[in-house]
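Trainee: The following block contains the structure, expressed as structure tokens.
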Amino acid sequence: MGVEINSNQIMANFNIDAKKEVTYDAIVIGSGISGGWAAKELCEKGLKTLVLERGRIVEHVVDYPTMNVDSWETELRGGLTPEQKEKHYKAIRSGWIGTDTEHFWADDKANPYTEEKPFLWLRGHQMGGKSLLWGKQTYRWSDLDFEANAKDGHGVDWPIRYKDIEPWYTYVEKFAGISGEALGLPQLPDSHFLPPMELNCVEKHVKSRIEEEFSGRNMIIGRVAHLTQPHNGRGQCQNRNRCSRGCPYGAYFSSNAVTLPPANATGNLTIRPFSIVQSLIYDEKKEKVTGVRIIDSETNEAIEYSAKIIFVNASTLSTTQILMNSKSNRFENGLGNDSGELGHNLMDHTYRVGAIGTVEGFEDKYYKGRRPNGIYIPRYVNIDEKSKSDKFLRGFGYQGGAYRGGNAANVEAFGADYKDSILKPGPWEMFITGFAECLPYHDNKISLNTDVLDKWGQPTLTIDAEFKENEKALNKQIQEDAVEMLTKAGVKDVLGFDNEHPPGYGVHEMGTARMGRDPKTSVLNGFNQVHAAKNVFVTDGACMTSSSCVNPSLTYMALTARAADYAVSELKKLNI
Amino acid sequence: MDRRKALQKTGLFAGATFLMPSMLSLFESCKSENRLDWKPLYFTDVEAKTIASLVDKILPRTDTPGALDVKSDIFIDTVIAKSYDKAGQEHMRADIAAFNENCSSKYGDVFYNLSDDDKTAVLNEAEKSSGKFGKGVWGAGVGPQEEIGFYRSMKSMAIWAYMTSEEIGKNVLNYDPVPGEYEPCKPLSEVGNKWSLG
């Protein structure tokens with residue numbers, strides 16, 4: 001069962017002593033999903049690597065204080081104090097912050113940002129970053145995505161195609177462990193899968209009805225970075241659904257459980273916590289970045305570290321913030337910004353638009369376990385001539401699920417019988433909610449704000465982005481289709497919804513330092529290398545040229561492993 | 001307070017053989033019904049007794065514990081004291097006062113002093129007039145959301161307090177902190193009550 005915690009998993013004693021040594025082979029800025037992969041790959045290839053983490057060390061298992069805490073063991077049973085609400089006054093809009101995870105969300109007061117238009121910027125300032133908190137939905141992108149810009153002329157063409165990234169998807173999947181079912185869909189290529197999780201009986205019912213009624217549509221169990229069997233010394237998912245507190249079994253992919261321990265095991269890793277990267281140091285003669293300037297967030301000390309290659313993986317907006325703040329004679333408007341595109345083309349997926357209803361006829365059925373996963377409906381519009389829409393470009397997919405829910409407080413009753421009734425499971429409910437692709441718009445942008453400074457006196461970001469007509473048209477279709485699919489599947493009291501969330505709620509922020517073929521219109525080349533500073537690599541969400549409608553994290557992992565491989569080979573050839 | 005009558009209605013009071021030690025202690029508390037045996041962090045005496053009486057009426061003791069057995073009233077006081085901001089606290093205070101004023105004008109006294117039948121009448125009325133919660137997806141409301149009045153929100157808090165208490169969460173609901181395998185389609189008869197922990 002893998003219930004016991006494997007003591008080998010607890011990789012204590014990270015080397016955090018960056019005092020003696022200020023020169024490394026490589027520096028990785030950030031330790032989230034992509035930074036963790038960069039650290040692992042570079043360390044395993046023999047590079048002495050310094051990971052700069054702006055927050056504290058979070059050691060797998062040891063630093064998961066709430067992983068086994070039941071509601072009654074905390075005073076407010078998940079509720080936050082007014083002080084905690086104030087600390088997270090922006091992030092709290094997500095609806096996800098409770099006492100169980102509060103310590104993994106960044107301090108909005110110390111790290112302000114300005115919303116020119118409404119934007120939710122969720123940040124995890126600790127070792128592991130948001131890899132501790134992410135949704136674990138894990139899908140490959142396809143050429144439908146990599147060719148999208150070239151085909152309809154929005155944004156610039158991706159410098160890569162599926163064939164370029166395919167071996168790297170395979171590589172990261174085999175190590176990370178992705179569960180799912182192979183379907184052979186061209187628009188959602190199969191990964192190397194561990195056994196899939198299972199649909200419950202209502203989901204199976206709705207799936208069969210939708211697939212009968214709508215040719216070309218599929219409902220599948222979510223493909224997720226949860227282990228459904230022991231894998232590489234990590235335990236399998238125990239269906240507790242307490243993932244965001246940190247998993248004692250290491251059953252889901254996080255930097256803390258998966259990539260940083262093997263990086264550490266090489267002996268090549270130093271991770272320096274409380275290190276806010278202020279800027280990159282550019283050497284005009286060498287035409288390279290020679291190092292980074294940091295501010296120690298605890299002592300306010302300014303320190304410089306140098307390295308041959310730099311991976312910037314601070315998370316989409318923070319990565320670009322660092323590049324923008326790295327000004328020199330050569331780069332007056334930010335490092336690598338010859339094109340003027342740095343900070344532009346910010347994208348996110350639309351969020352919370354779909355339908356929900358109740359399902360009858362399964363009152364005698366239930367489930368056991370809190371499966372940390374739901375259903376997925378792969379994109380089915382604009383995938384070929386037949387499915388072409390004249391209302392919008394690109395497409396959408398759905399997540400969702402069925403469960404016994406209801407709201408007992410709404411039942412018009414009280415007293416003894418009522419009390420007994422609320423101890424029984426409520427009605428079955430089923431929802432599907434869409435994620436639509438956002439086009440890359442030049443005027444969806446971020447900029448440095450020198451009027452609002454953070455706790456350390458550094459410029460902050462102003463975010464100026466919105467969904468436009470195409471995304472609104474996609475959302476309209478998402479809702480209409482969701483209502484139609486659930487209704488035809490026999491779901492009752494179907495309610496369509498669109499929360500009209502601004503960007504950021506999807507937490508799939510992408511772009512602002514895009515990859516491209518032409519240095520005049522992009523920041524990075526096909527290996528995530530800054531066109532004009534070849535020893536700087538950006539492999540987090542900032543690099544994305546378009547947004548697909550598919551969850552992006554697996555693509556960050558694959559791009560990172562690919563870029564690290566290229567970086568080391570270029571280093572060996574003395575090209576950088 | 002007419003707790004005795006309430007218990008009779010549930011049939012629990014049918015014979016002395018039903019009297020368990022824990023129930024005897026209930027009578028002890030009934031004797032001191034107008035004196036709180038705990039010190040609220042936020043509520044006044046009147047507010048605390050109002051909330052206690054209300055949650056007891058919504059979730060009374062039967063063969064399973066009631067709201068007061070699991071100290072739901074004390075938890076609600078803690079939440080208001082430690083989780084609400086000042087504006088929220090004042091809003092709650094005004095709501096409880098308005099609730100009692102309504103009881104006084106229609107039935108002649110504050111809620112906890114009313115007869116059980118009058119309390120039933122008050123709640124029947126509140127059930128009809130109080131807004132209902134809309135649907136939710138991933139921690140946020142979706143679709144139309146009505147304004148939730150005092151009664152429905154207090155009922156919701158009572159349920160939250162009750163279901164997340166150790167006694168109910170561990171011993172009445174199905175407590176399984178480490179389920180292991182997911183069983184996607186299990187006869188309800190093999191499970192019985194709801195799973196605890198969501």
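Residues in the structure tokens are named by chain (A, B, ... in the order shown) and by number from 1 within that chain; ligands are numbered from 1 in the order shown.
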Show me, as a Markdown table, the residues of chain B having an atom within 6 Å of chain A, each with the closest atom pair and its distance in Å, using only C-alpha atoms.
Mentor:
```
| residue | atom | partner | partner_atom | distance |
| --- | --- | --- | --- | --- |
| B:Lys57 | CA | A:Gly415 | CA | 5.9 |
| B:Ile58 | CA | A:Phe414 | CA | 4.6 |
| B:Leu59 | CA | A:Lys419 | CA | 5.3 |
| B:Pro60 | CA | A:Ala416 | CA | 5.8 |
| B:Lys82 | CA | A:Thr81 | CA | 5.8 |
| B:Ser83 | CA | A:Thr81 | CA | 4.3 |
| B:Asp85 | CA | A:Pro82 | CA | 5.7 |
| B:Glu127 | CA | A:Glu412 | CA | 5.6 |
| B:Lys132 | CA | A:Asn410 | CA | 5.5 |
| B:Gly139 | CA | A:Gly95 | CA | 5.1 |
| B:Ala140 | CA | A:Gly95 | CA | 5.9 |
| B:Val142 | CA | A:Phe497 | CA | 5.9 |
| B:Gly143 | CA | A:Phe497 | CA | 4.9 |
| B:Ser156 | CA | A:Ala409 | CA | 5.1 |
| B:Thr164 | CA | A:Ser71 | CA | 5.8 |
| B:Ser165 | CA | A:Trp72 | CA | 5.4 |
| B:Glu166 | CA | A:Trp72 | CA | 5.5 |
| B:Val178 | CA | A:Arg240 | CA | 5.7 |
| B:Pro179 | CA | A:Gly369 | CA | 5.1 |
| B:Gly180 | CA | A:Gln238 | CA | 4.0 |
| B:Tyr182 | CA | A:Gly369 | CA | 4.8 |
| B:Glu183 | CA | A:Lys368 | CA | 4.9 |
| B:Pro184 | CA | A:Asn200 | CA | 4.2 |
| B:Cys185 | CA | A:Tyr367 | CA | 5.1 |
| B:Lys186 | CA | A:Tyr366 | CA | 5.0 |
| B:Pro187 | CA | A:Lys365 | CA | 4.7 |
| B:Leu188 | CA | A:Lys365 | CA | 5.0 |
| B:Asn193 | CA | A:Lys424 | CA | 4.7 |
| B:Lys194 | CA | A:Pro425 | CA | 4.8 |
```
Trainee: Identify, on the basis of only C-alpha atoms, every residue whose closest approach to stretch 526-532 of chain A does not exceed 7 Å; exclude the query and any residue fewer than 5 positions from it along the same chain; express the result as a VMD selection string.
Mentor: chain A and resid 159 to 160 336 515 to 517 519 537 to 539 543 563
Trainee: List every residue of stretch 2-176 of chain A that DSSP, applied to the backbone of this structure, places in alpha helix (DSSP H), and write the result as a ChimeraX atom specification.
Mentor: /A:33-44,82-87,143-146,148-152,162-176
Trainee: So that I can see what lies close to B:Ala126, please list as a list in words the residues with an atom at most 12 Å from it, counting only C-alpha atoms and leaving out residues fewer than 2 positions away in the same chain.
Mentor: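 What passes the distance filter is Asn410, Glu412, Ala413 and Phe414 of chain A; Leu54, Ile58, Phe99, Asn102, Cys103, Lys119, Thr120, Ala121, Val122, Leu123, Asn124, Lys128, Ser129, Ser130, Gly131, Lys132, Ile148, Gly149, Phe150, Tyr151, Arg152, Ser153, Met154 and Lys155 of chain B.
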Trainee: Between atom CA of B:Phe75 and atom CA of B:Pro40, what is the distance, to one decimal in Å?
Mentor: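 Taking atom CA of B:Phe75 as the start and atom CA of B:Pro40 as the end point, the length is 9.7 Å.
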Trainee: Could you list, as a list in words, every residue within 7 Å of stretch 66-69 of chain B, counting only C-alpha atoms and ignoring same-chain residues fewer than 4 positions away?
Mentor: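 After dropping sequence-adjacent residues, the list is Ala52, Val55, Asp56, Leu59, Pro60, Arg61, Thr62, Asp73 and Tyr162 of chain B.
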Trainee: Determine, counting only C-alpha atoms, which protein, DNA and RNA residues have an atom within 8 Å of an atom of A:Gly46; residues of the same chain fewer than 3 positions away are not included. Present the result as a PyMOL selection string.
Mentor: chain A and resi 42-43+266+268
Trainee: Export, as a JSON list (two decimals), in the first residue's frame, the selected residues with C-alpha atoms.
Mentor:
```json
[["chain", "number", "residue", "atom", "x", "y", "z"],
["A", 42, "LEU", "CA", 21.84, 20.66, -13.99],
["A", 43, "CYS", "CA", 23.03, 18.97, -10.78],
["A", 266, "THR", "CA", 24.26, 14.62, -6.30],
["A", 268, "ASN", "CA", 26.08, 19.57, -6.40]]
```
Trainee: Quote the spacing between atom CA of A:Lys488 and atom CA of A:His205 in Å to one decimal place.
Mentor: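 Straight-line distance from atom CA of A:Lys488 to atom CA of A:His205 works out to 11.7 Å.
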Trainee: For A:Asp454, which residue out of A:Glu211, A:Asp390, A:Glu102, A:Asp108 is the nearest one, using only C-alpha atoms?
Mentor: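 Closest to A:Asp454, using only C-alpha atoms: A:Asp108.
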